[in-house]
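As provided, input_20.txt (compact mmCIF, C-alpha atoms and all ligand atoms) reads as follows.
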# COMPACT_ATOMS: atom_id res chain seq x y z
CA MET A 1 -25.21 -11.72 -15.19
CA THR A 2 -21.97 -12.14 -13.23
CA LYS A 3 -18.69 -11.19 -14.89
CA GLU A 4 -15.85 -13.49 -13.87
CA ILE A 5 -12.50 -11.80 -13.23
CA ARG A 6 -9.60 -14.24 -13.54
CA THR A 7 -7.26 -12.95 -10.86
CA ALA A 8 -3.58 -13.52 -10.08
CA LEU A 9 -2.74 -12.81 -6.44
CA ILE A 10 0.95 -12.08 -5.93
CA GLY A 11 1.87 -12.27 -2.25
CA LEU A 12 0.01 -14.36 0.33
CA GLY A 13 1.19 -12.42 3.36
CA ASN A 14 -0.88 -10.24 5.67
CA VAL A 15 -2.53 -8.31 2.84
CA GLY A 16 -2.90 -11.16 0.33
CA ARG A 17 -4.49 -13.45 2.91
CA SER A 18 -6.77 -10.62 4.08
CA PHE A 19 -7.95 -10.28 0.49
CA LEU A 20 -8.84 -13.98 0.50
CA THR A 21 -10.64 -13.48 3.82
CA ILE A 22 -12.78 -10.77 2.23
CA LEU A 23 -13.64 -13.01 -0.72
CA GLU A 24 -14.69 -15.74 1.72
CA SER A 25 -17.42 -13.55 3.21
CA LYS A 26 -18.27 -11.12 0.40
CA GLN A 27 -18.46 -13.21 -2.76
CA GLY A 28 -22.28 -13.28 -2.74
CA ARG A 29 -22.45 -9.51 -2.18
CA LEU A 30 -19.93 -8.82 -4.95
CA ALA A 31 -21.97 -10.87 -7.40
CA GLU A 32 -25.32 -9.42 -6.38
CA GLN A 33 -24.38 -5.77 -6.03
CA TYR A 34 -21.59 -5.38 -8.58
CA GLY A 35 -22.06 -8.35 -10.92
CA LEU A 36 -18.49 -9.52 -10.33
CA ALA A 37 -16.87 -12.82 -9.29
CA PHE A 38 -13.13 -12.91 -8.59
CA ARG A 39 -11.67 -16.31 -9.51
CA ILE A 40 -8.14 -16.74 -8.12
CA VAL A 41 -6.40 -18.52 -11.02
CA CYS A 42 -2.83 -17.87 -9.88
CA VAL A 43 -1.12 -17.38 -6.51
CA ALA A 44 2.50 -16.56 -5.69
CA ASP A 45 4.65 -16.37 -2.59
CA SER A 46 8.40 -16.47 -1.99
CA SER A 47 8.40 -20.22 -2.77
CA GLY A 48 7.01 -19.77 -6.28
CA VAL A 49 3.97 -19.53 -8.51
CA ALA A 50 0.99 -21.88 -8.90
CA VAL A 51 -1.72 -21.77 -11.54
CA ASN A 52 -5.18 -23.30 -11.56
CA PRO A 53 -7.48 -22.09 -14.37
CA GLY A 54 -10.45 -23.55 -12.45
CA GLY A 55 -9.62 -21.29 -9.50
CA TYR A 56 -8.19 -21.74 -5.99
CA GLU A 57 -10.85 -21.72 -3.29
CA PRO A 58 -10.16 -18.59 -1.18
CA GLY A 59 -10.80 -20.09 2.28
CA ALA A 60 -8.89 -23.29 1.67
CA THR A 61 -5.96 -21.39 0.14
CA ARG A 62 -5.80 -18.94 3.04
CA ARG A 63 -5.98 -21.69 5.63
CA ALA A 64 -3.32 -23.75 3.86
CA LYS A 65 -0.96 -20.77 3.84
CA GLU A 66 -1.70 -20.00 7.51
CA ASN A 67 -0.90 -23.62 8.30
CA GLY A 68 2.52 -23.24 6.72
CA VAL A 69 1.83 -24.71 3.27
CA PRO A 70 3.90 -22.76 0.72
CA VAL A 71 2.72 -22.17 -2.84
CA ARG A 72 5.23 -24.67 -4.18
CA ARG A 73 3.21 -27.40 -2.46
CA LEU A 74 -0.10 -26.40 -4.07
CA ALA A 75 -1.59 -28.21 -7.06
CA GLY A 76 -0.59 -26.31 -10.19
CA TYR A 77 2.88 -25.30 -8.90
CA TRP A 78 4.91 -24.00 -11.83
CA PRO A 79 8.58 -24.78 -11.05
CA GLY A 80 11.24 -22.15 -11.56
CA VAL A 81 8.84 -19.42 -12.66
CA THR A 82 8.52 -15.89 -11.21
CA PRO A 83 5.23 -13.95 -11.33
CA GLY A 84 6.70 -11.83 -14.14
CA ASP A 85 7.67 -14.99 -16.09
CA ALA A 86 4.17 -16.40 -15.67
CA LEU A 87 2.62 -13.21 -17.04
CA ALA A 88 5.12 -13.09 -19.89
CA ALA A 89 4.16 -16.69 -20.69
CA ASP A 90 0.57 -15.68 -21.34
CA LEU A 91 -0.94 -16.65 -18.01
CA GLU A 92 -4.64 -16.28 -18.73
CA CYS A 93 -5.94 -13.62 -16.37
CA ASP A 94 -7.79 -10.32 -16.34
CA LEU A 95 -6.37 -8.83 -13.16
CA VAL A 96 -3.13 -8.88 -11.18
CA LEU A 97 -3.28 -8.04 -7.48
CA GLU A 98 0.23 -7.12 -6.37
CA ALA A 99 0.88 -7.57 -2.62
CA SER A 100 4.51 -8.65 -2.46
CA PRO A 101 7.11 -6.79 -0.33
CA VAL A 102 8.42 -3.34 -1.18
CA ASN A 103 11.82 -3.56 -2.86
CA LEU A 104 13.31 -0.11 -3.42
CA LYS A 105 16.41 -1.42 -5.21
CA SER A 106 15.06 -3.49 -8.09
CA GLY A 107 11.31 -3.28 -7.51
CA GLU A 108 11.16 -7.08 -7.83
CA PRO A 109 9.23 -9.29 -7.97
CA GLY A 110 6.46 -6.71 -8.35
CA LEU A 111 7.91 -4.48 -11.05
CA SER A 112 8.36 -7.17 -13.73
CA ALA A 113 4.95 -8.62 -13.01
CA VAL A 114 3.26 -5.22 -13.25
CA ARG A 115 5.13 -4.32 -16.44
CA MET A 116 4.29 -7.64 -18.09
CA ALA A 117 0.64 -7.45 -17.11
CA LEU A 118 0.20 -3.90 -18.40
CA MET A 119 2.05 -4.68 -21.64
CA ARG A 120 -0.49 -7.45 -22.23
CA GLY A 121 -3.43 -5.19 -21.40
CA VAL A 122 -4.07 -6.97 -18.09
CA SER A 123 -5.26 -4.63 -15.34
CA VAL A 124 -3.25 -4.21 -12.15
CA VAL A 125 -4.14 -3.26 -8.59
CA LEU A 126 -1.24 -2.64 -6.23
CA ALA A 127 -0.76 -2.56 -2.48
CA ASN A 128 3.00 -2.69 -3.08
CA LYS A 129 4.44 0.81 -3.47
CA GLY A 130 7.81 -0.27 -4.89
CA PRO A 131 6.93 -0.53 -8.60
CA LEU A 132 5.16 2.86 -8.55
CA VAL A 133 7.95 4.63 -6.70
CA LEU A 134 10.58 3.32 -9.11
CA ALA A 135 8.68 3.55 -12.40
CA PHE A 136 5.54 5.67 -12.06
CA PRO A 137 5.60 7.44 -15.47
CA GLU A 138 6.49 4.23 -17.32
CA LEU A 139 3.70 2.21 -15.67
CA LYS A 140 1.13 4.94 -16.32
CA ARG A 141 2.21 5.04 -19.98
CA LEU A 142 2.04 1.24 -20.33
CA ALA A 143 -1.46 1.21 -18.86
CA ARG A 144 -2.62 3.97 -21.19
CA GLU A 145 -1.03 2.51 -24.34
CA ASN A 146 -2.39 -0.97 -23.72
CA GLY A 147 -5.84 -0.07 -22.42
CA ALA A 148 -5.19 -1.65 -19.03
CA GLY A 149 -6.49 -0.44 -15.68
CA LEU A 150 -3.92 0.61 -13.08
CA ALA A 151 -5.17 1.36 -9.58
CA TYR A 152 -3.30 1.72 -6.33
CA SER A 153 -5.40 3.41 -3.66
CA ALA A 154 -4.14 0.82 -1.14
CA THR A 155 -0.57 2.08 -1.48
CA VAL A 156 -1.25 5.38 0.29
CA CYS A 157 -2.53 4.97 3.86
CA GLY A 158 -4.35 1.68 3.31
CA ALA A 159 -8.07 2.32 3.12
CA LEU A 160 -7.91 6.11 3.56
CA PRO A 161 -8.97 7.21 0.05
CA VAL A 162 -6.18 9.77 -0.45
CA VAL A 163 -5.49 8.77 -4.06
CA ASN A 164 -9.20 8.72 -4.86
CA VAL A 165 -9.86 12.14 -3.34
CA GLY A 166 -6.78 13.59 -5.04
CA THR A 167 -7.71 12.33 -8.50
CA ARG A 168 -11.51 12.51 -8.38
CA ASP A 169 -12.44 15.27 -5.97
CA LEU A 170 -9.91 18.08 -6.43
CA ILE A 171 -10.72 18.95 -10.04
CA ALA A 172 -8.78 22.02 -11.24
CA ALA A 173 -7.37 22.71 -7.78
CA ASP A 174 -3.97 24.24 -7.16
CA ILE A 175 -2.73 22.49 -4.06
CA GLN A 176 -0.72 24.94 -2.00
CA ALA A 177 0.40 22.46 0.61
CA LEU A 178 -0.34 19.07 2.07
CA ARG A 179 0.91 17.36 5.19
CA GLY A 180 0.27 13.95 6.59
CA ILE A 181 1.01 11.03 8.85
CA PHE A 182 1.28 8.16 6.40
CA ASN A 183 2.82 5.38 8.49
CA SER A 184 0.86 3.94 11.39
CA THR A 185 3.73 1.79 12.65
CA SER A 186 5.96 4.79 13.36
CA ASN A 187 2.98 6.79 14.65
CA PHE A 188 2.17 4.03 17.14
CA ILE A 189 5.83 3.69 18.18
CA LEU A 190 6.12 7.45 18.85
CA GLY A 191 3.00 7.36 21.02
CA GLU A 192 4.24 4.39 22.99
CA MET A 193 7.69 5.93 23.50
CA ALA A 194 6.12 9.18 24.70
CA ALA A 195 4.20 7.10 27.25
CA GLY A 196 7.50 5.62 28.46
CA LYS A 197 7.17 2.23 26.74
CA PRO A 198 10.11 0.60 24.94
CA TYR A 199 10.62 1.12 21.20
CA VAL A 200 11.25 -2.60 20.59
CA ASP A 201 7.96 -3.64 22.20
CA ALA A 202 6.01 -1.15 20.11
CA LEU A 203 7.65 -2.33 16.89
CA ALA A 204 6.96 -5.95 17.85
CA GLU A 205 3.27 -5.10 18.34
CA ALA A 206 3.11 -3.53 14.85
CA GLN A 207 4.66 -6.70 13.44
CA ARG A 208 2.27 -8.93 15.38
CA ARG A 209 -0.68 -7.03 13.88
CA GLY A 210 0.73 -7.40 10.36
CA LEU A 211 1.00 -3.63 9.96
CA ALA A 212 4.78 -3.22 9.79
CA GLU A 213 6.54 -3.50 6.45
CA THR A 214 8.23 -6.83 5.67
CA ASP A 215 11.45 -4.86 6.25
CA PRO A 216 10.45 -2.58 9.18
CA SER A 217 13.40 -0.25 8.62
CA LEU A 218 11.23 1.18 5.81
CA ASP A 219 8.72 2.27 8.48
CA VAL A 220 11.03 3.72 11.10
CA GLU A 221 13.59 5.29 8.76
CA GLY A 222 10.88 7.22 6.94
CA TRP A 223 11.06 5.48 3.54
CA ASP A 224 7.52 4.11 3.62
CA THR A 225 6.24 7.63 4.29
CA ALA A 226 8.45 9.00 1.51
CA ASN A 227 7.17 6.32 -0.90
CA LYS A 228 3.62 7.49 -0.29
CA LEU A 229 4.61 11.12 -0.78
CA VAL A 230 6.23 10.24 -4.13
CA ILE A 231 3.06 8.42 -5.23
CA ILE A 232 0.93 11.42 -4.20
CA ALA A 233 3.26 13.84 -6.01
CA ASN A 234 3.04 11.84 -9.23
CA THR A 235 -0.68 11.21 -8.92
CA PHE A 236 -2.17 14.58 -8.10
CA LEU A 237 0.50 17.20 -7.49
CA GLY A 238 1.52 17.03 -11.15
CA VAL A 239 5.24 16.44 -10.51
CA GLU A 240 7.29 13.43 -11.62
CA ALA A 241 9.08 13.19 -8.28
CA THR A 242 11.27 10.29 -7.21
CA LEU A 243 12.69 9.39 -3.81
CA ALA A 244 15.76 11.46 -4.67
CA ASP A 245 13.54 14.56 -4.52
CA VAL A 246 12.43 13.91 -0.93
CA ALA A 247 14.48 14.94 2.12
CA VAL A 248 13.95 11.92 4.39
CA GLN A 249 14.54 11.61 8.11
CA GLY A 250 12.97 8.82 10.18
CA ILE A 251 12.25 8.39 13.86
CA THR A 252 15.27 6.28 14.84
CA GLY A 253 17.20 9.32 16.08
CA LEU A 254 14.48 10.25 18.58
CA ALA A 255 14.71 9.35 22.26
CA ALA A 256 11.82 9.02 24.71
CA ALA A 257 13.21 12.13 26.44
CA ASP A 258 12.66 14.20 23.25
CA LEU A 259 9.05 13.11 23.03
CA GLN A 260 8.41 13.71 26.71
CA ALA A 261 10.03 17.16 26.60
CA ALA A 262 7.64 18.11 23.77
CA GLN A 263 4.73 16.73 25.78
CA ARG A 264 5.56 18.97 28.73
CA LYS A 265 5.07 21.98 26.42
CA GLY A 266 1.69 20.66 25.23
CA HIS A 267 3.32 19.56 21.97
CA VAL A 268 3.60 16.24 20.11
CA ILE A 269 6.36 14.94 17.83
CA LYS A 270 5.02 13.20 14.72
CA LEU A 271 6.63 11.79 11.58
CA ILE A 272 5.26 14.26 9.05
CA ALA A 273 5.33 14.10 5.26
CA SER A 274 4.93 17.46 3.64
CA ALA A 275 4.66 19.01 0.21
CA THR A 276 4.81 22.78 -0.01
CA ARG A 277 4.83 24.96 -3.10
CA ALA A 278 8.36 25.90 -4.23
CA GLY A 279 8.68 27.64 -7.58
CA ASP A 280 6.97 25.50 -10.26
CA GLY A 281 7.03 22.42 -8.08
CA TYR A 282 6.98 21.33 -4.45
CA ALA A 283 9.50 20.94 -1.67
CA LEU A 284 8.99 17.37 -0.42
CA SER A 285 10.12 16.18 2.97
CA VAL A 286 9.64 13.55 5.65
CA ALA A 287 10.81 14.42 9.14
CA PRO A 288 9.91 14.21 12.82
CA THR A 289 8.10 17.47 13.48
CA GLU A 290 6.98 19.10 16.72
CA LEU A 291 3.30 20.10 16.48
CA ASP A 292 1.07 22.05 18.79
CA GLY A 293 -1.14 19.52 20.60
CA ASP A 294 -4.33 21.07 19.14
CA GLU A 295 -3.37 20.60 15.50
CA PHE A 296 -5.26 18.05 13.42
CA LEU A 297 -2.23 15.83 12.81
CA ALA A 298 -1.18 16.04 16.46
CA ARG A 299 -4.50 14.38 17.24
CA CYS A 300 -3.88 11.41 14.90
CA ALA A 301 -2.84 8.91 17.55
CA GLY A 302 -1.74 5.31 17.66
CA TRP A 303 -2.75 3.34 14.57
CA GLU A 304 -4.35 6.37 12.93
CA MET A 305 -3.07 7.98 9.75
CA GLY A 306 -4.16 11.34 8.40
CA ILE A 307 -3.71 14.00 5.77
CA GLU A 308 -4.56 17.67 5.37
CA ILE A 309 -4.78 19.20 1.90
CA HIS A 310 -4.88 22.95 1.35
CA SER A 311 -5.94 24.16 -2.08
CA ASP A 312 -7.20 27.29 -3.82
CA LEU A 313 -10.63 25.93 -4.77
CA TYR A 314 -11.55 23.46 -2.07
CA GLY A 315 -10.32 25.14 1.09
CA SER A 316 -8.60 22.96 3.66
CA MET A 317 -9.58 19.30 3.86
CA TYR A 318 -8.71 17.00 6.74
CA PHE A 319 -9.02 13.21 6.64
CA LYS A 320 -7.94 10.46 8.97
CA ASP A 321 -8.59 6.78 9.52
CA LEU A 322 -7.88 4.06 12.05
CA GLU A 323 -6.61 0.69 10.88
CA GLY A 324 -5.62 -1.86 13.48
CA ASN A 325 -4.86 -4.65 11.02
CA PRO A 326 -4.26 -5.20 7.28
CA LEU A 327 -7.91 -5.92 6.37
CA PRO A 328 -8.68 -2.30 5.32
CA THR A 329 -5.71 -2.34 2.94
CA ALA A 330 -7.03 -5.53 1.33
CA ALA A 331 -10.46 -3.87 1.15
CA ALA A 332 -8.87 -0.92 -0.66
CA MET A 333 -7.51 -3.40 -3.24
CA LEU A 334 -11.00 -4.83 -3.59
CA ARG A 335 -12.58 -1.40 -4.13
CA ASP A 336 -9.96 -0.61 -6.79
CA ALA A 337 -10.63 -3.91 -8.54
CA VAL A 338 -14.40 -3.45 -8.43
CA ASN A 339 -14.10 0.10 -9.74
CA LEU A 340 -11.95 -1.14 -12.65
CA PHE A 341 -14.37 -3.86 -13.76
CA MET A 342 -17.82 -2.62 -12.76
N1 LIG B 401 0.43 -4.77 5.94
C1 LIG B 401 -0.20 -3.64 5.68
O1 LIG B 401 -1.01 -3.16 6.48
C2 LIG B 401 0.01 -2.92 4.38
C3 LIG B 401 -0.65 -1.70 4.15
C4 LIG B 401 -0.50 -1.05 2.91
C5 LIG B 401 0.34 -1.59 1.96
N2 LIG B 401 1.02 -2.76 2.23
C6 LIG B 401 1.89 -3.31 1.20
O2 LIG B 401 1.38 -4.57 0.78
C7 LIG B 401 2.45 -5.44 0.44
C8 LIG B 401 2.31 -6.71 1.24
O3 LIG B 401 2.37 -6.43 2.61
P1 LIG B 401 2.21 -7.59 3.69
O4 LIG B 401 2.06 -6.93 4.99
O5 LIG B 401 1.18 -8.54 3.21
O6 LIG B 401 3.65 -8.28 3.57
P2 LIG B 401 4.05 -9.74 4.05
O7 LIG B 401 3.12 -10.19 5.12
O8 LIG B 401 5.51 -9.72 4.31
O9 LIG B 401 3.75 -10.66 2.77
C9 LIG B 401 4.49 -10.58 1.60
C10 LIG B 401 4.09 -11.73 0.70
O10 LIG B 401 4.87 -11.65 -0.50
C11 LIG B 401 5.49 -12.92 -0.73
N3 LIG B 401 6.73 -12.80 -1.46
C12 LIG B 401 7.97 -12.49 -1.02
N4 LIG B 401 8.85 -12.57 -2.01
C13 LIG B 401 8.15 -12.95 -3.11
C14 LIG B 401 8.52 -13.25 -4.45
N5 LIG B 401 9.78 -13.16 -4.88
N6 LIG B 401 7.54 -13.63 -5.34
C15 LIG B 401 6.24 -13.74 -4.92
N7 LIG B 401 5.84 -13.49 -3.66
C16 LIG B 401 6.80 -13.09 -2.77
C17 LIG B 401 5.73 -13.48 0.66
O11 LIG B 401 5.95 -14.87 0.54
P3 LIG B 401 6.08 -15.82 1.84
O12 LIG B 401 4.68 -15.95 2.37
O13 LIG B 401 6.62 -17.08 1.27
O14 LIG B 401 7.01 -15.10 2.79
C18 LIG B 401 4.42 -13.10 1.34
O15 LIG B 401 3.42 -14.04 1.01
C19 LIG B 401 3.75 -4.67 0.75
O16 LIG B 401 4.26 -4.15 -0.44
C20 LIG B 401 3.30 -3.57 1.69
O17 LIG B 401 4.07 -2.40 1.57
C21 LIG B 401 0.85 -3.43 3.41

Could you show the structure in this file as structure tokens?
Amino acid sequence: MTKEIRTALIGLGNVGRSFLTILESKQGRLAEQYGLAFRIVCVADSSGVAVNPGGYEPGATRRAKENGVPVRRLAGYWPGVTPGDALAADLECDLVLEASPVNLKSGEPGLSAVRMALMRGVSVVLANKGPLVLAFPELKRLARENGAGLAYSATVCGALPVVNVGTRDLIAADIQALRGIFNSTSNFILGEMAAGKPYVDALAEAQRRGLAETDPSLDVEGWDTANKLVIIANTFLGVEATLADVAVQGITGLAAADLQAAQRKGHVIKLIASATRAGDGYALSVAPTELDGDEFLARCAGWEMGIEIHSDLYGSMYFKDLEGNPLPTAAAMLRDAVNLFM
């Protein structure tokens, strides 16, 4: 028996469309192996919200969007309504997939939509870090009180299962320190600059691949990395940290000469997030850091991201992945959704 999951997809950008791409090829597998069918009953982009209880066909919807058709021109367009309004107005759905841009000021449109969904007991899967960074304890409480699922493994390093490992696989561990490269756009830019290539060309390549943030200053000024550190801190370091608790420095102050000078010493400069024990909590920081060329994180190159976690019970763990496009992030949303409903 296949369980149908009525799904609202907020954001039809690089990640949202990649999610539709996955559905196009994996629907049979999802039904057979997991007994699940995701029916896209609502879609939203910056032009508005559209609802079709019968479901939007994933391939046709993706192609329409890629051909420049905005949501307001789809059948079922709901004029003047935000995703949060639609959920407040009892949009019939079981799952909200949130893939709209990060907004660190208001959290919108994601925050209202996530709040509304959870208040109604509708499960939420996020790729968008904004709502979690601004309201982590509140969203966790809403999910718990209303019996809704809340999953967000895609928010920290795309498909690298950092959140999953931290919550599932480090039972009873005291984490002494962790460090990571959490932003592939800035990691790629640093590598290109060290090789003498222009910063602007490297950033343009990240944008062409759909890997840069909608607002790329979040990547290069360190805020995307800090967002991920805040989510990690709240999720498995046991501290209710906010961005105000993180000392943040990006890569915009670095010149090619700095990177090349490090290289001549056998070193590499990387944008490193770190959490180290300090009293009852952790000192949290994001900063360009000179590493010995042999270190694990020094060897995370180009589009790779990585993390090392040092704990009392589990020794030192090292993970990295390579993502050259947004598909793995969309796959991480899929795995979260499947795990919530299986
Ligand atoms: N790209 C990645 O590899 C990656 C990896 C991990 C996490 N993420 C996160 O995933 C989210 C989406 O990233 P992306 O790369 O797909 O971004 P994107 O390509 O810029 O797409 C954003 C989508 O959100 C829509 N949108 C903008 N304002 C909206 C509003 N007010 N209401 C509803 N929809 C709105 C946009 O509409 P239009 O189409 O009309 O512009 C677009 O469809 C971001 O939060 C990002 O941080 C991305």

List all protein, DNA and RNA residues that have an atom no more than 8 Å from any atom of ligand LIG 401 (chain B), counting all atoms listed in the file, and report them as number ranges by chain. A: 10-17, 44-49, 65, 70-71, 82-83, 98-103, 108-110, 126-130, 154-158, 210-215, 224, 325-330

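Closest approach to A:Thr61 among A:Leu134, A:Leu23, A:Gly80, A:Ala31 is made by A:Leu23 (distances from only C-alpha atoms).
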
Kindly give the distance, in Å, that separates atom CA of A:Asn164 and atom CA of A:Tyr152, rounded to a single decimal.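 A separation of 9.3 Å between them.
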
Dump as CSV the rows for residues of stretch 217-328 of chain A within 9 Å of stretch 195-198 of chain A: closest atom pair and distance in Å with one decimal, only C-alpha atoms counted, ordered by chain and rising residue number.
residue,atom,partner,partner_atom,distance
A:Ala256,CA,A:Gly196,CA,6.7
A:Ala257,CA,A:Gly196,CA,8.9
A:Leu259,CA,A:Ala195,CA,8.8
A:Gln260,CA,A:Ala195,CA,7.9

Would you export the selected residues with C-alpha atoms as an mmCIF file, in the frame of the given file, please?
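The resulting file, out-v6.cif, is reproduced below:
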data_model
loop_
_atom_site.group_PDB
_atom_site.id
_atom_site.type_symbol
_atom_site.label_atom_id
_atom_site.label_comp_id
_atom_site.auth_asym_id
_atom_site.auth_seq_id
_atom_site.Cartn_x
_atom_site.Cartn_y
_atom_site.Cartn_z
ATOM 1 C CA ALA A 256 11.820 9.020 24.710
ATOM 2 C CA ALA A 257 13.210 12.130 26.440
ATOM 3 C CA LEU A 259 9.050 13.110 23.030
ATOM 4 C CA GLN A 260 8.410 13.710 26.710
#

Mind checking which residues fall within 7 Å of A:Gly59, counting all atoms listed in the file, ignoring those fewer than 4 positions away in the same chain, and posting them as a VMD selection string? chain A and resid 20 to 21 24 63

Taking C-alpha atoms for each residue, export the selection above as a compact mmCIF listing (two decimals), in the coordinates of the input.
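Generated output (again30.txt):
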# COMPACT_ATOMS: atom_id res chain seq x y z
CA LEU A 20 -8.84 -13.98 0.50
CA THR A 21 -10.64 -13.48 3.82
CA GLU A 24 -14.69 -15.74 1.72
CA ARG A 63 -5.98 -21.69 5.63

Can you pull out every residue within 9 Å of A:Val96, counting only C-alpha atoms, but drop anything in the same chain fewer than 2 positions away, and send it as a PDB file with C-alpha atoms, keeping the file's coordinate frame?
ATOM      1  CA  ARG A   6      -9.600 -14.240 -13.540  1.00  0.00           C
ATOM      2  CA  THR A   7      -7.260 -12.950 -10.860  1.00  0.00           C
ATOM      3  CA  ALA A   8      -3.580 -13.520 -10.080  1.00  0.00           C
ATOM      4  CA  LEU A   9      -2.740 -12.810  -6.440  1.00  0.00           C
ATOM      5  CA  ILE A  10       0.950 -12.080  -5.930  1.00  0.00           C
ATOM      6  CA  CYS A  93      -5.940 -13.620 -16.370  1.00  0.00           C
ATOM      7  CA  ASP A  94      -7.790 -10.320 -16.340  1.00  0.00           C
ATOM      8  CA  GLU A  98       0.230  -7.120  -6.370  1.00  0.00           C
ATOM      9  CA  ALA A 113       4.950  -8.620 -13.010  1.00  0.00           C
ATOM     10  CA  VAL A 114       3.260  -5.220 -13.250  1.00  0.00           C
ATOM     11  CA  ALA A 117       0.640  -7.450 -17.110  1.00  0.00           C
ATOM     12  CA  VAL A 122      -4.070  -6.970 -18.090  1.00  0.00           C
ATOM     13  CA  SER A 123      -5.260  -4.630 -15.340  1.00  0.00           C
ATOM     14  CA  VAL A 124      -3.250  -4.210 -12.150  1.00  0.00           C
ATOM     15  CA  VAL A 125      -4.140  -3.260  -8.590  1.00  0.00           C
ATOM     16  CA  LEU A 126      -1.240  -2.640  -6.230  1.00  0.00           C
TER      17      LEU A 126
END

Nearest candidate to A:Ala206 (options A:Gly250, A:Leu30, A:Ala177, A:Trp303; using all atoms listed in the file):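 Residue with the minimum atom-to-atom distance to A:Ala206: A:Trp303.
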